[in-house]
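Chemist: Supplied in structure tokens, the structure appears directly below.
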Amino acid sequence: MHDEPALDSRIAAAAARLARARFVAALTGAGVSAESGVPTFRDALTGLWATFDPRELATPSAFARNPKRVWDWYAERRAQVASVEPNAAHRALAEIERRAPRFLLATQNVDGLHARAGSRALVELHGNIARVKCSACARIAQRWDEALDALPPRCARCGEFLRPDVVWFEELLPAGALAAAEDAARECDVLLVVGTSAEVYPAAALPDAARAAGACVIEVNPDTTPLSARADFALRGRAGVILPALVRAAWPDSLGSASAVRDAASG
Ligand code: BV8
Ligand code: ZN
């Protein structure tokens, strides 16, 4: 599968660190969902969104300027996320959670695919696209799947617009999630950094916090990122291929599990 011997031996060396780790943490970005068919942030927006930079749409000011446009963008993303399945990378991270003595997964993704793959020790740093909350009183409304006449709908309590329960640029992350991710970065033995361009803060500061605390940083990404030169292992390839290979190398008996066999087969 991996014709570069170098990559196999680096996977084996990284897997050895993973197998003996007391506490494994992971930070994921849009790249981990790419093989499920969810476009990453850097993949140019398509269709009627092609003219927008996602960072333009994911801001409080964009919502204030044109709530319907922002709501429509999220409604389209929500429909897409609901139509796809977790992939081998999501499943491998759920397997690592089962194997490691202690584990925490911090994701920047709002697609909910990690939870659907079975991850439980999980914090969503940027919220979740399946939840809706009031833009004023923050009451969670869970109404997005109803046929909605006026878009966006209004809060039953205060009448203000509802919005996706995600963190927009210039908004603070959920304090608990960020604190849990920062603690894990400081205390873990191994930090897996998977499918992120490591450019959006404060999430992008977690790998250096882990390195500073002596953790082994393993990056999985087909491309180089600002972090690659500082990672202990920069494993070049798609997460849906590299992560199952890491699991098999770290826990050879995991080969027994059905998902590992299926992943091996899917290659
Ligand atoms: C805040 C939710 C206080 C919404 C998102 C310090 C320095 C500079 C700037 C700042 C700073 N601190 C704060 C800022 C400002 C800003 C920021 O970081 N700006 C950046 C652009 C420079 N941060 C904020 O605003 C944060 N809030 O700081 O509040 C404050 C208050 C007022 C004023 C200032 C500060 C809030 C940030 C959160 C924003 N919300 N998402 C939604 O999803 O709609 S961010 C969103 O973009 C994602 O969640 C993610 O975080 C980011 C996209 O990055 P990635 O996930 O990494 O995806 P990307 O497409 O970029 O890359 C994909 C990668 O996958 C690539 O590397 C590719 O090679 C790889 N890949 C592709 N295929 C695969 C693969 N890898 C593996 N396998 C594959 N198959
Ligand atoms: Zn309200």
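Just remember, in the structure tokens the first chain shown is A, the second B, etc., residues are 1-based per chain, and ligands are 1-based in the order shown.
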Please identify which residues in region 41-203 of chain A DSSP calls helix (DSSP H, G or I) from the backbone, and express them as a ChimeraX atom specification.
Modeler: /A:47-49,54-57,60-65,67-82,88-99,113-116,175-187,203
Chemist: Please identify all polymer residues within 8 Å of region 102-104 of chain A, counting only C-alpha atoms, omitting same-chain residues fewer than 5 positions from it, and present them as a CSV table (one decimal) with N, CA and C atoms, in the first residue's frame.
Modeler:
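Saved the output as part-v9.csv:
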```csv
chain,number,residue,atom,x,y,z
A,22,ARG,N,0.8,6.5,27.8
A,22,ARG,CA,-0.1,6.4,28.9
A,22,ARG,C,-1.3,7.3,28.6
A,23,PHE,N,-1.1,8.5,27.9
A,23,PHE,CA,-2.1,9.4,27.6
A,23,PHE,C,-2.0,9.9,26.2
A,24,VAL,N,-2.9,9.5,25.3
A,24,VAL,CA,-2.9,9.9,23.9
A,24,VAL,C,-4.0,11.0,23.7
A,25,ALA,N,-3.6,12.1,23.1
A,25,ALA,CA,-4.5,13.1,22.7
A,25,ALA,C,-4.5,13.3,21.2
A,26,ALA,N,-5.6,13.9,20.7
A,26,ALA,CA,-5.7,14.1,19.2
A,26,ALA,C,-6.3,15.4,18.9
A,96,ILE,N,-8.4,3.9,18.7
A,96,ILE,CA,-7.3,4.4,19.6
A,96,ILE,C,-7.8,4.7,21.0
A,97,GLU,N,-9.0,5.3,21.0
A,97,GLU,CA,-9.6,5.7,22.3
A,97,GLU,C,-9.8,4.4,23.1
A,121,ALA,N,-14.6,10.3,24.3
A,121,ALA,CA,-13.8,11.2,25.0
A,121,ALA,C,-13.4,12.3,24.0
A,122,LEU,N,-14.4,13.2,23.7
A,122,LEU,CA,-14.4,14.1,22.6
A,122,LEU,C,-14.9,15.5,23.0
A,123,VAL,N,-14.1,16.5,22.6
A,123,VAL,CA,-14.6,17.9,22.8
A,123,VAL,C,-14.6,18.6,21.4
A,181,ALA,N,-9.0,20.7,26.2
A,181,ALA,CA,-8.0,20.4,25.2
A,181,ALA,C,-6.6,20.9,25.6
A,184,ALA,N,-5.2,18.5,28.1
A,184,ALA,CA,-4.7,17.3,27.4
A,184,ALA,C,-3.4,17.5,26.7
```
Chemist: Report as JSON lines: every residue of chain A with an atom at most 12 Å from ligand 2, its closest pair of atoms, and their distance in Å to one decimal, counting only C-alpha atoms and all ligand atoms, with rows sorted by chain and ascending residue number.
Modeler:
```
{"residue": "A:Val132", "atom": "CA", "partner": "ligand 2", "partner_atom_place_in_ligand_line": "1 (Zn)", "distance": 11.1}
{"residue": "A:Lys133", "atom": "CA", "partner": "ligand 2", "partner_atom_place_in_ligand_line": "1 (Zn)", "distance": 7.8}
{"residue": "A:Cys134", "atom": "CA", "partner": "ligand 2", "partner_atom_place_in_ligand_line": "1 (Zn)", "distance": 4.5}
{"residue": "A:Ser135", "atom": "CA", "partner": "ligand 2", "partner_atom_place_in_ligand_line": "1 (Zn)", "distance": 6.6}
{"residue": "A:Ala136", "atom": "CA", "partner": "ligand 2", "partner_atom_place_in_ligand_line": "1 (Zn)", "distance": 5.1}
{"residue": "A:Cys137", "atom": "CA", "partner": "ligand 2", "partner_atom_place_in_ligand_line": "1 (Zn)", "distance": 4.0}
{"residue": "A:Ala138", "atom": "CA", "partner": "ligand 2", "partner_atom_place_in_ligand_line": "1 (Zn)", "distance": 6.0}
{"residue": "A:Arg139", "atom": "CA", "partner": "ligand 2", "partner_atom_place_in_ligand_line": "1 (Zn)", "distance": 5.7}
{"residue": "A:Ile140", "atom": "CA", "partner": "ligand 2", "partner_atom_place_in_ligand_line": "1 (Zn)", "distance": 8.7}
{"residue": "A:Ala141", "atom": "CA", "partner": "ligand 2", "partner_atom_place_in_ligand_line": "1 (Zn)", "distance": 8.9}
{"residue": "A:Pro153", "atom": "CA", "partner": "ligand 2", "partner_atom_place_in_ligand_line": "1 (Zn)", "distance": 10.9}
{"residue": "A:Arg154", "atom": "CA", "partner": "ligand 2", "partner_atom_place_in_ligand_line": "1 (Zn)", "distance": 7.7}
{"residue": "A:Cys155", "atom": "CA", "partner": "ligand 2", "partner_atom_place_in_ligand_line": "1 (Zn)", "distance": 4.6}
{"residue": "A:Ala156", "atom": "CA", "partner": "ligand 2", "partner_atom_place_in_ligand_line": "1 (Zn)", "distance": 6.7}
{"residue": "A:Arg157", "atom": "CA", "partner": "ligand 2", "partner_atom_place_in_ligand_line": "1 (Zn)", "distance": 5.0}
{"residue": "A:Cys158", "atom": "CA", "partner": "ligand 2", "partner_atom_place_in_ligand_line": "1 (Zn)", "distance": 4.1}
{"residue": "A:Gly159", "atom": "CA", "partner": "ligand 2", "partner_atom_place_in_ligand_line": "1 (Zn)", "distance": 5.9}
{"residue": "A:Glu160", "atom": "CA", "partner": "ligand 2", "partner_atom_place_in_ligand_line": "1 (Zn)", "distance": 5.4}
{"residue": "A:Phe161", "atom": "CA", "partner": "ligand 2", "partner_atom_place_in_ligand_line": "1 (Zn)", "distance": 7.5}
{"residue": "A:Leu162", "atom": "CA", "partner": "ligand 2", "partner_atom_place_in_ligand_line": "1 (Zn)", "distance": 7.5}
{"residue": "A:Arg163", "atom": "CA", "partner": "ligand 2", "partner_atom_place_in_ligand_line": "1 (Zn)", "distance": 10.2}
```
Chemist: Kindly save the residues from that selection, with N, CA and C atoms included, as a compact mmCIF listing (two decimals), in the first residue's frame.
Modeler:
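Final output, saved to again_25.txt:
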```
# COMPACT_ATOMS: atom_id res chain seq x y z
N VAL A 132 -28.85 24.22 17.09
CA VAL A 132 -29.25 25.60 16.77
C VAL A 132 -29.47 26.32 18.09
N LYS A 133 -29.04 27.56 18.18
CA LYS A 133 -29.26 28.31 19.43
C LYS A 133 -29.72 29.72 19.10
N CYS A 134 -30.25 30.41 20.08
CA CYS A 134 -30.70 31.79 19.86
C CYS A 134 -29.50 32.72 19.81
N SER A 135 -29.49 33.63 18.84
CA SER A 135 -28.35 34.54 18.67
C SER A 135 -28.33 35.58 19.78
N ALA A 136 -29.40 35.67 20.59
CA ALA A 136 -29.43 36.66 21.66
C ALA A 136 -29.36 35.99 23.03
N CYS A 137 -30.32 35.11 23.35
CA CYS A 137 -30.35 34.53 24.71
C CYS A 137 -29.67 33.17 24.75
N ALA A 138 -29.09 32.71 23.61
CA ALA A 138 -28.28 31.47 23.54
C ALA A 138 -29.06 30.22 23.92
N ARG A 139 -30.37 30.30 23.94
CA ARG A 139 -31.18 29.11 24.26
C ARG A 139 -31.05 28.12 23.11
N ILE A 140 -30.70 26.85 23.41
CA ILE A 140 -30.57 25.83 22.37
C ILE A 140 -31.96 25.49 21.86
N ALA A 141 -32.17 25.48 20.54
CA ALA A 141 -33.54 25.35 20.02
C ALA A 141 -33.78 24.05 19.28
N PRO A 153 -35.24 31.08 11.44
CA PRO A 153 -36.35 31.09 12.38
C PRO A 153 -36.02 31.94 13.59
N ARG A 154 -37.03 32.20 14.39
CA ARG A 154 -36.82 33.07 15.57
C ARG A 154 -36.98 32.29 16.86
N CYS A 155 -36.35 32.81 17.88
CA CYS A 155 -36.33 32.17 19.21
C CYS A 155 -37.71 32.27 19.84
N ALA A 156 -38.19 31.12 20.36
CA ALA A 156 -39.53 31.10 20.98
C ALA A 156 -39.54 31.93 22.26
N ARG A 157 -38.35 32.15 22.87
CA ARG A 157 -38.31 32.87 24.16
C ARG A 157 -38.18 34.36 23.94
N CYS A 158 -37.24 34.80 23.06
CA CYS A 158 -37.02 36.25 22.98
C CYS A 158 -37.27 36.81 21.58
N GLY A 159 -37.59 35.91 20.62
CA GLY A 159 -37.97 36.40 19.30
C GLY A 159 -36.81 36.79 18.39
N GLU A 160 -35.55 36.69 18.92
CA GLU A 160 -34.40 37.00 18.07
C GLU A 160 -34.11 35.85 17.11
N PHE A 161 -33.25 36.07 16.12
CA PHE A 161 -32.92 35.02 15.15
C PHE A 161 -32.22 33.84 15.82
N LEU A 162 -32.52 32.63 15.35
CA LEU A 162 -31.74 31.46 15.74
C LEU A 162 -30.53 31.39 14.84
N ARG A 163 -29.47 30.71 15.31
CA ARG A 163 -28.24 30.59 14.53
C ARG A 163 -27.63 29.21 14.80
```
Chemist: A:Gly214, A:Pro252, A:Pro244, A:Gly29: which is nearest ligand 1, counting only C-alpha atoms and all ligand atoms?
Modeler: A:Gly29
Chemist: Please provide as JSON, numbers by chain all residues within 9 Å of Asn128 (chain A), with the sequence filter that same-chain residues fewer than 5 positions apart are discarded (counting only C-alpha atoms).
Modeler: {"A": [109, 110, 111, 112, 164, 165, 166, 167]}
Chemist: Using all heavy atoms, can you write the selected residues to a file as a PDB file, in the first residue's frame?
Modeler:
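Saved file result_35.pdb follows:
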```
ATOM      1  N   ASN A 109     -13.857  20.303  13.916  1.00  0.00           N
ATOM      2  CA  ASN A 109     -14.957  20.021  12.988  1.00  0.00           C
ATOM      3  C   ASN A 109     -16.315  20.159  13.668  1.00  0.00           C
ATOM      4  O   ASN A 109     -16.468  19.776  14.822  1.00  0.00           O
ATOM      5  CB  ASN A 109     -14.794  18.612  12.394  1.00  0.00           C
ATOM      6  CG  ASN A 109     -13.482  18.480  11.666  1.00  0.00           C
ATOM      7  OD1 ASN A 109     -12.841  19.476  11.316  1.00  0.00           O
ATOM      8  ND2 ASN A 109     -13.043  17.250  11.455  1.00  0.00           N
ATOM      9  N   VAL A 110     -17.259  20.687  12.929  1.00  0.00           N
ATOM     10  CA  VAL A 110     -18.625  20.876  13.442  1.00  0.00           C
ATOM     11  C   VAL A 110     -19.565  19.821  12.863  1.00  0.00           C
ATOM     12  O   VAL A 110     -20.776  19.926  13.001  1.00  0.00           O
ATOM     13  CB  VAL A 110     -19.121  22.292  13.081  1.00  0.00           C
ATOM     14  CG1 VAL A 110     -18.271  23.351  13.766  1.00  0.00           C
ATOM     15  CG2 VAL A 110     -19.180  22.507  11.571  1.00  0.00           C
ATOM     16  N   ASP A 111     -19.008  18.780  12.206  1.00  0.00           N
ATOM     17  CA  ASP A 111     -19.843  17.828  11.445  1.00  0.00           C
ATOM     18  C   ASP A 111     -20.363  16.653  12.274  1.00  0.00           C
ATOM     19  O   ASP A 111     -21.178  15.878  11.777  1.00  0.00           O
ATOM     20  CB  ASP A 111     -19.062  17.315  10.225  1.00  0.00           C
ATOM     21  CG  ASP A 111     -17.736  16.644  10.588  1.00  0.00           C
ATOM     22  OD1 ASP A 111     -17.644  16.057  11.693  1.00  0.00           O
ATOM     23  OD2 ASP A 111     -16.787  16.713   9.778  1.00  0.00           O
ATOM     24  N   GLY A 112     -19.881  16.490  13.493  1.00  0.00           N
ATOM     25  CA  GLY A 112     -20.411  15.413  14.356  1.00  0.00           C
ATOM     26  C   GLY A 112     -19.996  14.009  13.928  1.00  0.00           C
ATOM     27  O   GLY A 112     -20.484  13.017  14.483  1.00  0.00           O
ATOM     28  N   PRO A 164     -26.700  28.738  13.941  1.00  0.00           N
ATOM     29  CA  PRO A 164     -26.056  27.455  14.217  1.00  0.00           C
ATOM     30  C   PRO A 164     -25.235  27.557  15.513  1.00  0.00           C
ATOM     31  O   PRO A 164     -24.649  28.598  15.778  1.00  0.00           O
ATOM     32  CB  PRO A 164     -25.135  27.233  13.022  1.00  0.00           C
ATOM     33  CG  PRO A 164     -25.417  28.304  12.046  1.00  0.00           C
ATOM     34  CD  PRO A 164     -26.229  29.352  12.698  1.00  0.00           C
ATOM     35  N   ASP A 165     -25.198  26.504  16.309  1.00  0.00           N
ATOM     36  CA  ASP A 165     -24.416  26.515  17.557  1.00  0.00           C
ATOM     37  C   ASP A 165     -22.963  26.177  17.256  1.00  0.00           C
ATOM     38  O   ASP A 165     -22.407  25.170  17.723  1.00  0.00           O
ATOM     39  CB  ASP A 165     -25.016  25.511  18.548  1.00  0.00           C
ATOM     40  CG  ASP A 165     -24.299  25.576  19.905  1.00  0.00           C
ATOM     41  OD1 ASP A 165     -23.616  26.595  20.160  1.00  0.00           O
ATOM     42  OD2 ASP A 165     -24.395  24.592  20.660  1.00  0.00           O
ATOM     43  N   VAL A 166     -22.335  27.037  16.432  1.00  0.00           N
ATOM     44  CA  VAL A 166     -20.916  26.879  16.110  1.00  0.00           C
ATOM     45  C   VAL A 166     -20.197  28.141  16.555  1.00  0.00           C
ATOM     46  O   VAL A 166     -20.820  29.165  16.820  1.00  0.00           O
ATOM     47  CB  VAL A 166     -20.718  26.653  14.593  1.00  0.00           C
ATOM     48  CG1 VAL A 166     -21.398  25.378  14.131  1.00  0.00           C
ATOM     49  CG2 VAL A 166     -21.178  27.871  13.782  1.00  0.00           C
ATOM     50  N   VAL A 167     -18.868  28.076  16.649  1.00  0.00           N
ATOM     51  CA  VAL A 167     -18.060  29.233  17.045  1.00  0.00           C
ATOM     52  C   VAL A 167     -17.643  29.978  15.782  1.00  0.00           C
ATOM     53  O   VAL A 167     -16.949  29.416  14.935  1.00  0.00           O
ATOM     54  CB  VAL A 167     -16.789  28.786  17.804  1.00  0.00           C
ATOM     55  CG1 VAL A 167     -15.946  29.997  18.192  1.00  0.00           C
ATOM     56  CG2 VAL A 167     -17.158  27.973  19.039  1.00  0.00           C
TER      57      VAL A 167
END
```
Chemist: Which residues come within 12 Å of region 222-237 of chain A, counting only C-alpha atoms, excluding same-chain residues fewer than 6 positions away, as a PyMOL selection string?
Modeler: chain A and resi 1-4+6-18+31-32+34-35+89+190-200+204-212+214-216+243-246+267
Chemist: For a quick check of understanding, using only C-alpha atoms and all ligand atoms, which of A:Ser33, A:Asn87, A:Thr28, A:Asn221 has the smallest distance to ligand 1?
Modeler: A:Asn221
Chemist: At a cut-off of 9 Å, using only C-alpha atoms, what residues contact His90 (chain A)? Leave out same-chain residues fewer than 5 positions from it and give the result as a list in words.
Modeler: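 With the cut-off at 9 Å, the set is Val32, Ser33, Glu95, Leu113, His114, Ala115, Arg116, Ala117, Gly118, Ser119, Ala239, Gly240 and Leu243 of chain A.
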Chemist: With only C-alpha atoms and all ligand atoms as the basis for distance, which of A:Ser254, A:Ser61, A:Asn66, A:Gln108 is at the shortest distance from ligand 1?
Modeler: A:Gln108
Chemist: For region 36-43 of chain A, work out the shell of residues within 7 Å, counting only C-alpha atoms and skipping chain neighbours fewer than 6 positions away, then give it as a PDB file with N, CA, C and O atoms, in the first residue's frame.
Modeler:
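And here's out00.pdb as it stands now:
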```pdb
ATOM      1  N   ALA A  30     -10.615  19.654   9.266  1.00  0.00           N
ATOM      2  CA  ALA A  30     -11.502  19.269   8.158  1.00  0.00           C
ATOM      3  C   ALA A  30     -10.958  18.113   7.333  1.00  0.00           C
ATOM      4  O   ALA A  30     -11.730  17.326   6.776  1.00  0.00           O
ATOM      5  N   PRO A  54     -14.894  31.194   3.217  1.00  0.00           N
ATOM      6  CA  PRO A  54     -15.669  30.698   4.365  1.00  0.00           C
ATOM      7  C   PRO A  54     -15.490  31.589   5.589  1.00  0.00           C
ATOM      8  O   PRO A  54     -16.411  31.771   6.384  1.00  0.00           O
ATOM      9  N   VAL A  81     -23.677  17.041   5.532  1.00  0.00           N
ATOM     10  CA  VAL A  81     -23.096  16.236   6.632  1.00  0.00           C
ATOM     11  C   VAL A  81     -24.041  15.088   6.985  1.00  0.00           C
ATOM     12  O   VAL A  81     -23.612  13.964   7.246  1.00  0.00           O
ATOM     13  N   VAL A  84     -23.590  11.911   4.678  1.00  0.00           N
ATOM     14  CA  VAL A  84     -22.329  11.152   4.564  1.00  0.00           C
ATOM     15  C   VAL A  84     -22.120  10.276   5.796  1.00  0.00           C
ATOM     16  O   VAL A  84     -22.832  10.396   6.782  1.00  0.00           O
ATOM     17  N   GLU A  85     -21.117   9.396   5.733  1.00  0.00           N
ATOM     18  CA  GLU A  85     -20.787   8.485   6.830  1.00  0.00           C
ATOM     19  C   GLU A  85     -19.380   8.762   7.354  1.00  0.00           C
ATOM     20  O   GLU A  85     -18.523   9.243   6.589  1.00  0.00           O
ATOM     21  N   PRO A  86     -19.119   8.445   8.622  1.00  0.00           N
ATOM     22  CA  PRO A  86     -17.743   8.521   9.106  1.00  0.00           C
ATOM     23  C   PRO A  86     -16.862   7.620   8.240  1.00  0.00           C
ATOM     24  O   PRO A  86     -17.343   6.669   7.642  1.00  0.00           O
ATOM     25  N   ASN A  87     -15.561   7.941   8.141  1.00  0.00           N
ATOM     26  CA  ASN A  87     -14.659   7.107   7.344  1.00  0.00           C
ATOM     27  C   ASN A  87     -13.640   6.380   8.212  1.00  0.00           C
ATOM     28  O   ASN A  87     -13.689   6.465   9.443  1.00  0.00           O
TER      29      ASN A  87
END
```
Chemist: Of the residues A:Ala75, A:Cys188, A:Ile218, A:Ala203, which is the one nearest to ligand 1, using only C-alpha atoms and all ligand atoms?
Modeler: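 Nearest candidate to ligand 1 out of A:Ala75, A:Cys188, A:Ile218, A:Ala203: A:Ala203.
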